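Novice: Once you've had a glance at the structure underneath, I'll fire off some questions.
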Amino acid sequence: MSRRTVAELSRSLARGEFSSTELTRDYLSRIKQFNGVYNAYITVTEELALAQAGAADQRRARGEYGPLTGIPIAHKDIFCMQDVRTTCASKMLSNFIAPYNATVVERLNAAGTVTLGKTNMDEFAMGSSNETSFFGAVRNPWDPERVPGGSSGGSAAAVAADLCAMATGTDTGGSIRQPAAFCGITGFKPSYGRISRWGMIAFASSLDQAGPISKSAEDAALMMNAIAGPDIKDSTCVDLAAPDYMATLNDSLQGLRIGVPRQHLAEGLGAEVESALQAALKVFENLGATIQEVDLPNSHLSVPAYYVIAPAEASANLSRFDGVRYGYRCADPVNLEDMYKRSRNEGFGSEVKRRIMIGTYALSAGFYDAYYIKAQQIRRLIKQDFDNAFKEVDVIIGPTTPHTAFKLGEKNSDPVTMYLEDIYTIAVNLAGLPGMSIPAGSHQGLPIGIQLVGKDFDEARLLNVAHQYQQNTDWHLQGPEV
Amino acid sequence: MVWETVIGLEVHVQLDTKSKLFSGSSTTFGAEPNTQAGIYDLAMPGTLPVFNEAVLRMAVKFGLAIDAEIGRRSVFDRKNYFYPDLPKGYQVTQLQFPTVGKGSLQITLEDGSDKVIGITRAHIEEDAGKSLHEDFLGLTGIDLNRAGTALLEIVSEPELRNAKEAVAYLKKLHAIILYLGISDGNMAQGSMRCDANVSVRKLGAKEFGTRAEIKNINSFRFVEKAINHEVQRQINILEDGGRIIQETRLYDADKDETRSMRSKEVANDYRYFPEPDLLPVVIDEAYIESVRAELPELPNAKRARFVSQYGLSDYDAGVLASSREMANFYEEVVKICDDAKLSANWVTVDLQGLLNKSDLEINQSPVSATRLGALIGRIKDQTVSSKIAKTVFEAMLGNEQSVDEIIESQGLKQVTDSGAIEKLVDEVIAANPEQVTQYRAGKEKVFAFFIGQAMKVSKGKANPDQLNALLLQKLKG
């Protein structure tokens with residue numbers, strides 16, 4: 001049963017080749033066998049999974065089912081799940097049982113998915129290697145000495161090692177796309193506002209976006225059909241009905257105009273990634289697309305702007321973790337200030353504290369204009385760059401990361417080196433656009449991803465382009481030797 | 001040295017919405033602690049705010065009532081600080097783009113003249129919860145029922161020049177808020193809270209002095225006392241050659257003094273930035289007009305109408321229009337008795353006196369507008385004299401009988417039968433020959449004695465005009 005896409009599993013379930021309960025047991029046993037190696041899950045919800053699988057089988061027997069009914073899924077541990085521990089990979093929330101469901105969880109539950117558990121991640125989604133988790137680093141299934149990327153590293157590793165059929169992730173500066181590239185899978189970040197953020201623990205509210213992590217673009221489309229669309233609980237979720245993302249998957253790419261950002265082919269891009277990108281562009285040309293260079297002149301400003309805006313928002317978003325109402329509280333506080341200081345000092349890891357301090361500094365009186373306001377101005381310039389590029393092309397394609405997965409411990413001594421991991425992905429969040437990473441090559445046994453970026457709310461087009469690529473290549477079908 | 005006082009008020013008004021500013025939790029006062037705090041109010045991770053549109057309507061209503069600029073695009077900001085009763089660690093408020101911009105309020109000073117006080121802005125923000133320091137054995141309890149309740153913070157220009165003006169401003173604001181029905185305005189329960197920025201400067205100086213902010217004053221009377229105390233404190237310091245420290249002070253009503261809470265010189269940096277979880281609130285002309293259409297007649301307009309429609313004095317009209325309930329009561333009385341001036345006298349003097357004595361509000365009046373109107377009607381048609389009417393009024397308090405029943409059963413009806421009055425006059429003249437002689441000898445003051453006697457005999461019921469005329473006629477006789 002293993003390493004099959006959701007679409008395939010769905011067909012098998014429909015044909016009665018196996019039940020959801022059998023499928024779920026199979027995944028649970030794989031998790032038992034391999035999670036010790038990869039550390040992809042923080043919490044495994046075995047009982048819940050079997051109950052949901054049983055319910056899915058009954059629904060199926062009654063003829064009430066959809067494409068996701070009975071499909072085992074893993075949720076990034078940033079999504080609140082009622083009565084389930086929701087940690088955000090932080091000591092601060094290591095004892096936190098969420099009292100409600102995130103909209104994403106609610107909608108996938110309603111679609112009949114089976115929750116296997118909650119996946120590991122960088123603490124509060126702050127990191128690009130999944131090494132900042134309070135629950136330990138996640139290992140890349142292609143090479144356990146290497147990182148899976150972050151922050152959705154647990155979800156990416158779980159999909160790559162086939163410890164779930166599909167997973168949810170969140171992407172603030174590349175947290176779905178970069179681990180997808182490192183793990184050789186498909187990661188999709190929709191436009192900002194396409195999917196409700198209700199119940200998704202906030203890192204940077206104006207950048208955070210949930211999305212699917214899957215084995216194929218088709219699977220991503222199936223998940224998008226379940227989770228995309230308006231939600232009155234999130235005012236920033238747009239009031240725009242989501243289309244049927246499956247309906248356009250097979251549209252022809254004849255005449256598609258693809259732009260390749262000049263700035264992404266410059267210094268810093270690994271030769272192996274560049275050649276994989278060129279090969280992929282050839283595939284698209286063969287499918288009838290035209291390729292041209294486009295200019296994103298301000299892209300070099302995206303990392304600095306991001307590292308002002310995201311920490312600024314995070315510094316406020318994380319103030320609620322104060323030891324007063326829930327979460328970690330230090331032992332024997334002598335007074336209020338002592339409780340605040342020690343609870344937060346002991347409850348947060350160093351990367352989280354670093355970003356809170358950066359953000360607090362950037363918002364401080366006297367620095368606000370120089371940092372926050374300026375970063376917002378850059379953000380508008382970056383959006384303009386994309387708007388201009390999209391006057392000439394339909395889709396922008398470039399590298400997802402400068403190189404393949406690096407080794408555990410290789411980059412955590414220097415935060416700035418780590419921040420530059422997201423150099424190609426961050427601008428997409430700043431502009432609020434949809435972006436995805438699909439596997440498009442391999443180097444020394446490690447996968448390479450390419451990034452596709454679309455116009456505002458043009459997710460259907462991205463999924464179509466990715467699906468057509470996957471119909472004509474087999475990189476997405478390759479998995480690691482587990 | 002002559003000193004001038006400069007006062008600006010920041011008034012927090014709790015808006016009377018069913019649910020909170022950004023969550024569906026109920027806002028009823030006095031519920032068991034933490035029973036009205038939902039997951040957003042508790043700042044559970046992952047929760048998001050949804051703006052309550054009823055709050056916007058109320059804020060715009062207030063803005064229109066004070067002739068303010070209405071923000072076509074208002075923006076919420078986060079104000080960051082740590083406190084246990086502030087669950088998110090930030091308060092959502094409006095810094096740069098408030099819903100209500102510059103407006104003004106007209107107040108009436110003690111000498112009867114009017115003064116216009118500028119209002120800088122009024123912005124929407126969420127209230128904090130409450131910290132409870134008693135009953136927890138040295139620990140602090142947190143009640144988050146109030147957390148997230150909608151407030152309108154109304155900021156005045158520093159244009160108030162003494163404590164009485166500040167009170168007049170606050171009372172006017174209070175009246176408008178009740179007129180609009182956007183808050184219950186209950187200061188004791190904290191639905192309306194006042195912070196006063198107070199400074200003094202040499203009379204004629206252009207620069208403001210250093211100010212102190214007095215926090216959370218919870219009654220009109222305390223506002224006056226707190227400001228007066230603070231002004232004197234500052235003058236004393238300055239006259240002793242000291243300087244004022246910019247700080248926050250707390251008014252202690254028991255000791256009638258203000259004391260320092262914290263120095264603003266080591267001011268909190270609130271690190272405001274736009275709240276990314278909410279979109280800017282955009283208002284169009286049609287929305288504003290739809291709110292305007294709901295506006296009731298406001299105190300100033302009502303006062304002017306009372307003067308022109310009922311021929312009242314400016315003062316009486318002002319008193320009657322000072323609250324919507326009072327004005328409504330008055331107009332109901334007028335409708336029944338059709339005598340506006342008599343009604344004004346009875347409502348502002350007799351009824352108000354009674355209410356003051358028993359510490360009641362007009363809506364708790366033991367005499368309904370219908371009954372008071374009926375009584376005035378009987379004065380008007382001369383069934384009772386004005387004087388006897390007061391006896392009837394007293395009787396109405398402990399009595400559910402109608403006005404006519406009381407007059408009838410207690411025999412208070414005025415005697416207007418000229419035969420009866422003539423008989424009365426004859427009796428009084430016959431009984432007091434000495435005074436008759438005095439009167440006829442030119443001592444006209446004795447006339448009052450005869451009136452008194454006649455009233456005594458008639459138990460006050462003789463029609464005074466008729467009595468007067470007849471007595472005069474007979475004495476001159």
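Ordering of the structure tokens sets the chain letters (A, B, ...), residue numbers begin anew at 1 in every chain, and ligands are numbered from 1 in the order given.
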Excluding B:Ile177 and residues on its chain fewer than 5 positions from it, collect all residues at most 10 Å away from it, counting only C-alpha atoms, and give them as a PyMOL selection string.

Specialist: chain B and resi 13+15+58+61-62+65+171-172+182-185+192+298+323

Novice: Print the selection's residues with N, CA, C and O atoms to a file, as a compact mmCIF listing (two decimals), in the first residue's frame.

Specialist:
```
# COMPACT_ATOMS: atom_id res chain seq x y z
N VAL B 13 -15.82 55.22 27.42
CA VAL B 13 -17.24 54.87 27.49
C VAL B 13 -17.40 53.42 27.03
O VAL B 13 -16.97 53.06 25.93
N LEU B 15 -19.30 50.71 25.42
CA LEU B 15 -20.43 50.71 24.50
C LEU B 15 -21.37 49.55 24.82
O LEU B 15 -20.95 48.45 25.14
N MET B 58 -22.27 52.63 16.63
CA MET B 58 -22.33 53.48 17.82
C MET B 58 -21.27 54.57 17.77
O MET B 58 -21.54 55.72 18.13
N LYS B 61 -22.31 57.16 15.31
CA LYS B 61 -23.42 57.91 15.89
C LYS B 61 -22.89 59.00 16.81
O LYS B 61 -23.30 60.16 16.74
N PHE B 62 -21.95 58.61 17.67
CA PHE B 62 -21.36 59.59 18.57
C PHE B 62 -20.66 60.68 17.77
O PHE B 62 -20.81 61.87 18.05
N ALA B 65 -23.03 63.10 16.44
CA ALA B 65 -23.65 63.90 17.49
C ALA B 65 -22.76 65.05 17.94
O ALA B 65 -23.24 66.05 18.45
N LYS B 171 -20.71 66.01 32.18
CA LYS B 171 -22.16 65.80 32.27
C LYS B 171 -22.80 65.89 30.90
O LYS B 171 -23.73 65.15 30.58
N LYS B 172 -22.29 66.81 30.09
CA LYS B 172 -22.85 66.96 28.76
C LYS B 172 -22.57 65.71 27.93
O LYS B 172 -23.45 65.19 27.22
N ILE B 182 -25.95 54.69 23.47
CA ILE B 182 -24.79 53.86 23.12
C ILE B 182 -24.09 53.30 24.35
O ILE B 182 -23.18 52.49 24.23
N SER B 183 -24.49 53.75 25.54
CA SER B 183 -23.89 53.22 26.77
C SER B 183 -24.87 53.51 27.90
O SER B 183 -25.66 54.44 27.82
N ASP B 184 -24.77 52.73 28.98
CA ASP B 184 -25.62 53.07 30.13
C ASP B 184 -24.98 54.18 30.96
O ASP B 184 -25.59 54.72 31.86
N GLY B 185 -23.72 54.52 30.64
CA GLY B 185 -23.06 55.67 31.27
C GLY B 185 -22.90 55.56 32.77
O GLY B 185 -22.62 56.55 33.44
N MET B 192 -18.51 54.32 32.39
CA MET B 192 -17.95 55.60 31.93
C MET B 192 -16.84 55.94 32.92
O MET B 192 -17.09 56.04 34.12
N LEU B 298 -30.96 65.87 19.80
CA LEU B 298 -29.91 65.95 20.83
C LEU B 298 -30.17 67.12 21.78
O LEU B 298 -30.99 67.99 21.50
N SER B 323 -31.47 65.60 30.23
CA SER B 323 -31.49 64.15 29.99
C SER B 323 -32.72 63.80 29.17
O SER B 323 -33.73 64.49 29.22
```

Novice: Tell me which protein, DNA and RNA residues are within 7 Å of B:Tyr251, counting only C-alpha atoms, leaving out same-chain ones fewer than 2 positions away, and put them as a ChimeraX atom specification.

Specialist: /B:214,217,226,249,253,257-259

Novice: I'd like to know which residues of stretch 244-277 of chain A are strand (DSSP E) (by DSSP, run on the backbone); could you write them as a VMD selection string?

Specialist: chain A and resid 257 to 261

Novice: Those same residues - C-alpha atoms - I'd like them written as a PDB file, in the first residue's frame.

Specialist:
```pdb
ATOM      1  CA  ARG A 257       4.163  32.209 -20.710  1.00  0.00           C
ATOM      2  CA  ILE A 258       6.779  31.278 -18.121  1.00  0.00           C
ATOM      3  CA  GLY A 259       9.052  33.907 -16.589  1.00  0.00           C
ATOM      4  CA  VAL A 260      12.372  33.076 -14.990  1.00  0.00           C
ATOM      5  CA  PRO A 261      13.627  35.760 -12.582  1.00  0.00           C
TER       6      PRO A 261
END
```

Novice: Compute the set of chain B residues within 10 Å of chain A, using only C-alpha atoms, and express it as an MDAnalysis selection string.

Specialist: chainID B and resid 23 39 42:51 78:90 139:140 142 268:279

Novice: Find the residues near stretch 438-442 of chain A: any atom within 10 Å, counting only C-alpha atoms, skip ones fewer than 2 places away on the same chain, and give them as a ChimeraX atom specification.

Specialist: /A:177,180-188,214-217,272-273,275-280,399-400,404,436,444-452,466-467,469-470,473-478

Novice: Generate a file of the selected residues that holds C-alpha atoms, formatted as a compact mmCIF listing (two decimals), in the first residue's frame.

Specialist:
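The resulting file, out_22.txt, is shown below:
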```txt
# COMPACT_ATOMS: atom_id res chain seq x y z
CA ARG A 177 8.21 25.09 -0.07
CA ALA A 180 9.19 20.21 0.23
CA ALA A 181 12.26 20.87 -1.94
CA PHE A 182 14.63 19.24 0.56
CA CYS A 183 12.39 16.19 0.95
CA GLY A 184 11.50 15.72 -2.72
CA ILE A 185 7.77 16.27 -2.42
CA THR A 186 5.11 18.77 -3.46
CA GLY A 187 4.49 21.75 -1.19
CA PHE A 188 1.85 24.33 -1.94
CA SER A 214 1.70 16.04 -0.59
CA LYS A 215 3.18 13.61 -3.04
CA SER A 216 1.72 15.27 -6.11
CA ALA A 217 0.08 18.40 -7.43
CA GLU A 272 23.08 21.33 -9.63
CA VAL A 273 19.94 23.30 -8.86
CA SER A 275 20.79 22.53 -14.23
CA ALA A 276 17.71 20.86 -12.76
CA LEU A 277 15.81 24.11 -13.31
CA GLN A 278 16.99 24.34 -16.92
CA ALA A 279 15.95 20.74 -17.54
CA ALA A 280 12.51 21.44 -16.10
CA PRO A 399 14.72 27.56 -7.84
CA THR A 400 13.10 26.88 -4.47
CA THR A 404 20.02 20.61 -1.66
CA MET A 436 4.72 25.93 -4.75
CA GLN A 444 24.07 12.95 -4.99
CA GLY A 445 20.91 11.22 -3.85
CA LEU A 446 19.24 14.38 -2.62
CA PRO A 447 16.14 15.91 -4.20
CA ILE A 448 16.03 19.30 -5.87
CA GLY A 449 12.92 21.44 -5.97
CA ILE A 450 11.80 24.17 -8.32
CA GLN A 451 9.45 26.95 -7.32
CA LEU A 452 6.37 28.03 -9.24
CA ALA A 466 2.68 21.47 -11.76
CA HIS A 467 0.35 18.59 -12.59
CA TYR A 469 4.90 18.66 -15.36
CA GLN A 470 4.32 15.64 -13.12
CA THR A 473 8.20 13.43 -15.43
CA ASP A 474 8.60 11.08 -12.54
CA TRP A 475 10.64 13.01 -9.98
CA HIS A 476 7.62 13.23 -7.72
CA LEU A 477 7.23 9.47 -7.77
CA GLN A 478 10.68 8.86 -6.39
```

Novice: Quick check, in Å to one decimal: how far apart do atom CA of B:Ala166 and atom CA of B:Lys302 lie?

Specialist: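 Pair atom CA of B:Ala166 / atom CA of B:Lys302 returns 22.5 Å.
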
Novice: Excluding B:Leu470 and residues on its chain fewer than 6 positions from it, collect all residues at most 8 Å away from it, counting only C-alpha atoms, and give them as a VMD selection string.

Specialist: chain B and resid 421 to 422 425

Novice: Selected residues, N, CA, C and O atoms, written as a compact mmCIF listing (two decimals), in the first residue's frame, please.

Specialist:
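So the final result, stored in again_23.txt, reads:
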```txt
# COMPACT_ATOMS: atom_id res chain seq x y z
N ILE B 421 -68.33 82.46 48.84
CA ILE B 421 -67.18 83.32 49.17
C ILE B 421 -67.68 84.60 49.84
O ILE B 421 -67.09 85.09 50.80
N GLU B 422 -68.81 85.12 49.33
CA GLU B 422 -69.36 86.36 49.90
C GLU B 422 -69.71 86.15 51.37
O GLU B 422 -69.40 86.98 52.24
N VAL B 425 -66.58 86.14 53.41
CA VAL B 425 -66.07 87.51 53.57
C VAL B 425 -66.88 88.26 54.63
O VAL B 425 -66.31 88.90 55.52
```

Novice: Atom CA of B:Ser191 to atom CA of B:Val347: how many Å, to one decimal?

Specialist: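 Calculated distance between atom CA of B:Ser191 and atom CA of B:Val347 is 28.2 Å.
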
Novice: Taking the backbone alone, and naming residues the way the document does, which bits of stretch 223-435 of chain A are helix (DSSP H, G or I) by DSSP, as a PyMOL selection string?

Specialist: chain A and resi 223-227+262-265+271-286+299-320+336-347+350-363+368-389+415-422+426-431

Novice: In Å, with one decimal, what is the gap from atom CA of B:Arg378 to atom CA of B:Lys459?

Specialist: 17.8 Å

Novice: Set the distance at 7 Å and use only C-alpha atoms: which residues neighbour stretch 152-167 of chain A once local chain neighbours fewer than 5 positions away are removed? I'd like the list as a PyMOL selection string.

Specialist: chain A and resi 2-3+5-6+27+30-31+40-41+71-76+119-121+130+138+140-141+175-176+179-180+183-185+212-215+479-480+482

Novice: Would you mind exporting the chosen residues as a PDB file, in the first residue's frame, restricted to C-alpha atoms?

Specialist:
```pdb
ATOM      1  CA  SER A   2       2.879   2.370   0.580  1.00  0.00           C
ATOM      2  CA  ARG A   3       4.104   5.410  -1.308  1.00  0.00           C
ATOM      3  CA  THR A   5      -0.639   9.234  -3.847  1.00  0.00           C
ATOM      4  CA  VAL A   6      -3.875  10.279  -2.246  1.00  0.00           C
ATOM      5  CA  TYR A  27       0.452   3.894   8.440  1.00  0.00           C
ATOM      6  CA  ARG A  30       5.069   2.498   9.733  1.00  0.00           C
ATOM      7  CA  ILE A  31       5.076   5.407  12.170  1.00  0.00           C
ATOM      8  CA  ALA A  40       8.574  13.544  12.184  1.00  0.00           C
ATOM      9  CA  TYR A  41       5.719  13.312  14.687  1.00  0.00           C
ATOM     10  CA  ILE A  71      -7.303   9.118   3.858  1.00  0.00           C
ATOM     11  CA  PRO A  72      -4.701   9.298   6.645  1.00  0.00           C
ATOM     12  CA  ILE A  73      -3.313  12.771   7.205  1.00  0.00           C
ATOM     13  CA  ALA A  74      -0.844  14.428   9.561  1.00  0.00           C
ATOM     14  CA  HIS A  75      -1.271  17.972  10.824  1.00  0.00           C
ATOM     15  CA  LYS A  76       1.578  20.317  11.525  1.00  0.00           C
ATOM     16  CA  THR A 119       4.032  16.719  13.093  1.00  0.00           C
ATOM     17  CA  ASN A 120       7.250  18.230  14.293  1.00  0.00           C
ATOM     18  CA  MET A 121       8.296  21.680  13.190  1.00  0.00           C
ATOM     19  CA  ASN A 130      13.566  22.003  11.852  1.00  0.00           C
ATOM     20  CA  VAL A 138      13.643  16.076  12.326  1.00  0.00           C
ATOM     21  CA  ASN A 140      15.605  14.030   6.238  1.00  0.00           C
ATOM     22  CA  PRO A 141      14.350  10.650   4.977  1.00  0.00           C
ATOM     23  CA  SER A 175       8.128  26.941   5.461  1.00  0.00           C
ATOM     24  CA  ILE A 176       6.158  24.675   3.119  1.00  0.00           C
ATOM     25  CA  PRO A 179      11.161  21.507   3.198  1.00  0.00           C
ATOM     26  CA  ALA A 180       9.190  20.209   0.227  1.00  0.00           C
ATOM     27  CA  CYS A 183      12.392  16.190   0.950  1.00  0.00           C
ATOM     28  CA  GLY A 184      11.496  15.722  -2.716  1.00  0.00           C
ATOM     29  CA  ILE A 185       7.767  16.271  -2.420  1.00  0.00           C
ATOM     30  CA  PRO A 212      -0.952  21.166   1.530  1.00  0.00           C
ATOM     31  CA  ILE A 213       2.181  19.032   1.661  1.00  0.00           C
ATOM     32  CA  SER A 214       1.700  16.040  -0.593  1.00  0.00           C
ATOM     33  CA  LYS A 215       3.182  13.609  -3.041  1.00  0.00           C
ATOM     34  CA  GLY A 479      10.976   8.221  -2.715  1.00  0.00           C
ATOM     35  CA  PRO A 480      13.833   7.604  -0.349  1.00  0.00           C
ATOM     36  CA  VAL A 482      13.299   4.130   4.179  1.00  0.00           C
TER      37      VAL A 482
END
```

Novice: I'd like the neighbourhood of B:Asp381 as a short mmCIF file (atom, residue, chain, number, x, y, z; two decimals) with N, CA, C and O atoms, in the first residue's frame, where a residue qualifies if any of its atoms comes within 12 Å (using only C-alpha atoms), though same-chain residues fewer than 3 positions away should be ignored.

Specialist:
```
data_model
loop_
_atom_site.label_atom_id
_atom_site.label_comp_id
_atom_site.auth_asym_id
_atom_site.auth_seq_id
_atom_site.Cartn_x
_atom_site.Cartn_y
_atom_site.Cartn_z
N CYS B 337 -51.65 68.13 30.22
CA CYS B 337 -52.28 69.31 30.84
C CYS B 337 -52.34 70.53 29.94
O CYS B 337 -53.03 71.49 30.23
N ASP B 338 -51.52 70.46 28.85
CA ASP B 338 -51.52 71.57 27.90
C ASP B 338 -51.13 72.91 28.55
O ASP B 338 -51.70 73.94 28.22
N ASP B 339 -50.22 72.86 29.53
CA ASP B 339 -49.70 74.12 30.05
C ASP B 339 -48.19 73.97 30.25
O ASP B 339 -47.72 73.42 31.24
N ALA B 374 -52.27 65.37 35.14
CA ALA B 374 -53.65 65.49 35.61
C ALA B 374 -53.76 66.55 36.71
O ALA B 374 -54.70 67.37 36.74
N LEU B 375 -52.80 66.54 37.60
CA LEU B 375 -52.81 67.51 38.70
C LEU B 375 -52.71 68.94 38.16
O LEU B 375 -53.48 69.82 38.55
N ILE B 376 -51.75 69.12 37.23
CA ILE B 376 -51.57 70.47 36.68
C ILE B 376 -52.84 70.90 35.94
O ILE B 376 -53.25 72.06 35.98
N GLY B 377 -53.47 69.94 35.31
CA GLY B 377 -54.74 70.22 34.64
C GLY B 377 -55.78 70.80 35.61
O GLY B 377 -56.56 71.70 35.28
N ARG B 378 -55.75 70.27 36.83
CA ARG B 378 -56.72 70.74 37.82
C ARG B 378 -56.37 72.13 38.37
O ARG B 378 -57.22 72.84 38.89
N VAL B 384 -58.30 73.20 41.81
CA VAL B 384 -57.53 73.46 43.04
C VAL B 384 -56.64 74.67 42.80
O VAL B 384 -56.29 74.99 41.66
N SER B 385 -56.26 75.32 43.88
CA SER B 385 -55.30 76.42 43.76
C SER B 385 -53.90 75.82 43.70
O SER B 385 -53.69 74.65 44.03
N SER B 386 -52.94 76.65 43.32
CA SER B 386 -51.56 76.19 43.25
C SER B 386 -51.10 75.69 44.61
O SER B 386 -50.35 74.72 44.72
N ALA B 389 -52.66 72.46 45.44
CA ALA B 389 -52.10 71.44 44.55
C ALA B 389 -50.91 70.77 45.21
O ALA B 389 -50.66 69.58 45.02
N LYS B 413 -61.28 70.59 46.96
CA LYS B 413 -61.75 71.34 45.80
C LYS B 413 -61.84 72.83 46.14
O LYS B 413 -62.30 73.21 47.23
N GLN B 414 -61.45 73.63 45.23
CA GLN B 414 -61.45 75.08 45.43
C GLN B 414 -62.89 75.61 45.44
O GLN B 414 -63.74 75.15 44.69
N THR B 416 -65.41 78.22 44.42
CA THR B 416 -65.49 79.29 43.42
C THR B 416 -66.91 79.87 43.38
O THR B 416 -67.18 80.80 42.65
N ASN B 463 -61.20 80.43 46.21
CA ASN B 463 -60.49 80.90 45.03
C ASN B 463 -59.87 82.25 45.35
O ASN B 463 -60.56 83.21 45.69
#
```

Novice: Residues within 12 Å of B:Gly419, please, as a list in words. Count only C-alpha atoms; anything in the same chain fewer than 4 positions from it doesn't count.

Specialist: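 In the requested format, the answer is Val415, Lys423, Leu424, Val425, Asp426, Ala462, Gln466, Leu467 and Leu470 of chain B.
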
Novice: Store the residues picked out above in a file with all heavy atoms, as an mmCIF file, in the first residue's frame.

Specialist:
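Okay, this is what ended up in part.cif:
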```
data_model
loop_
_atom_site.group_PDB
_atom_site.id
_atom_site.type_symbol
_atom_site.label_atom_id
_atom_site.label_comp_id
_atom_site.auth_asym_id
_atom_site.auth_seq_id
_atom_site.Cartn_x
_atom_site.Cartn_y
_atom_site.Cartn_z
ATOM 1 N N VAL B 415 -63.157 76.545 46.351
ATOM 2 C CA VAL B 415 -64.493 77.143 46.389
ATOM 3 C C VAL B 415 -64.532 78.305 45.408
ATOM 4 O O VAL B 415 -63.764 79.253 45.532
ATOM 5 C CB VAL B 415 -64.829 77.641 47.807
ATOM 6 C CG1 VAL B 415 -66.181 78.308 47.831
ATOM 7 C CG2 VAL B 415 -64.768 76.484 48.787
ATOM 8 N N LYS B 423 -70.287 84.980 51.621
ATOM 9 C CA LYS B 423 -70.667 84.636 52.988
ATOM 10 C C LYS B 423 -69.425 84.608 53.881
ATOM 11 O O LYS B 423 -69.394 85.154 54.997
ATOM 12 C CB LYS B 423 -71.355 83.264 52.980
ATOM 13 C CG LYS B 423 -72.079 82.943 54.269
ATOM 14 C CD LYS B 423 -72.974 81.695 54.078
ATOM 15 C CE LYS B 423 -73.261 81.052 55.418
ATOM 16 N NZ LYS B 423 -72.599 79.762 55.593
ATOM 17 N N LEU B 424 -68.405 84.025 53.355
ATOM 18 C CA LEU B 424 -67.143 83.907 54.056
ATOM 19 C C LEU B 424 -66.591 85.291 54.391
ATOM 20 O O LEU B 424 -66.191 85.587 55.528
ATOM 21 C CB LEU B 424 -66.166 83.143 53.144
ATOM 22 C CG LEU B 424 -64.805 82.756 53.663
ATOM 23 C CD1 LEU B 424 -64.951 81.673 54.739
ATOM 24 C CD2 LEU B 424 -63.953 82.197 52.507
ATOM 25 N N VAL B 425 -66.579 86.144 53.413
ATOM 26 C CA VAL B 425 -66.068 87.507 53.574
ATOM 27 C C VAL B 425 -66.876 88.257 54.632
ATOM 28 O O VAL B 425 -66.306 88.902 55.522
ATOM 29 C CB VAL B 425 -66.098 88.246 52.221
ATOM 30 C CG1 VAL B 425 -65.829 89.746 52.403
ATOM 31 C CG2 VAL B 425 -65.072 87.639 51.258
ATOM 32 N N ASP B 426 -68.173 88.094 54.541
ATOM 33 C CA ASP B 426 -69.037 88.777 55.532
ATOM 34 C C ASP B 426 -68.696 88.319 56.943
ATOM 35 O O ASP B 426 -68.591 89.132 57.867
ATOM 36 C CB ASP B 426 -70.513 88.489 55.231
ATOM 37 C CG ASP B 426 -70.975 89.229 53.969
ATOM 38 O OD1 ASP B 426 -70.257 90.205 53.577
ATOM 39 O OD2 ASP B 426 -71.985 88.815 53.355
ATOM 40 N N ALA B 462 -60.684 78.635 49.193
ATOM 41 C CA ALA B 462 -61.359 79.731 48.491
ATOM 42 C C ALA B 462 -60.521 80.178 47.301
ATOM 43 O O ALA B 462 -59.293 80.261 47.395
ATOM 44 C CB ALA B 462 -61.537 80.902 49.446
ATOM 45 N N GLN B 466 -61.132 85.518 43.407
ATOM 46 C CA GLN B 466 -62.499 85.929 43.789
ATOM 47 C C GLN B 466 -62.516 86.530 45.185
ATOM 48 O O GLN B 466 -63.144 87.559 45.444
ATOM 49 C CB GLN B 466 -63.448 84.721 43.738
ATOM 50 C CG GLN B 466 -63.829 84.332 42.326
ATOM 51 C CD GLN B 466 -64.635 83.047 42.334
ATOM 52 O OE1 GLN B 466 -64.093 81.964 42.508
ATOM 53 N NE2 GLN B 466 -65.947 83.176 42.175
ATOM 54 N N LEU B 467 -61.786 85.845 46.083
ATOM 55 C CA LEU B 467 -61.716 86.290 47.465
ATOM 56 C C LEU B 467 -61.173 87.709 47.540
ATOM 57 O O LEU B 467 -61.755 88.609 48.177
ATOM 58 C CB LEU B 467 -60.828 85.326 48.261
ATOM 59 C CG LEU B 467 -60.665 85.637 49.749
ATOM 60 C CD1 LEU B 467 -61.985 85.459 50.481
ATOM 61 C CD2 LEU B 467 -59.604 84.710 50.364
ATOM 62 N N LEU B 470 -63.722 90.328 46.209
ATOM 63 C CA LEU B 470 -64.874 90.530 47.072
ATOM 64 C C LEU B 470 -64.515 91.256 48.357
ATOM 65 O O LEU B 470 -65.203 92.167 48.812
ATOM 66 C CB LEU B 470 -65.512 89.185 47.411
ATOM 67 C CG LEU B 470 -66.666 88.780 46.482
ATOM 68 C CD1 LEU B 470 -67.062 87.336 46.779
ATOM 69 C CD2 LEU B 470 -67.846 89.714 46.645
#
```
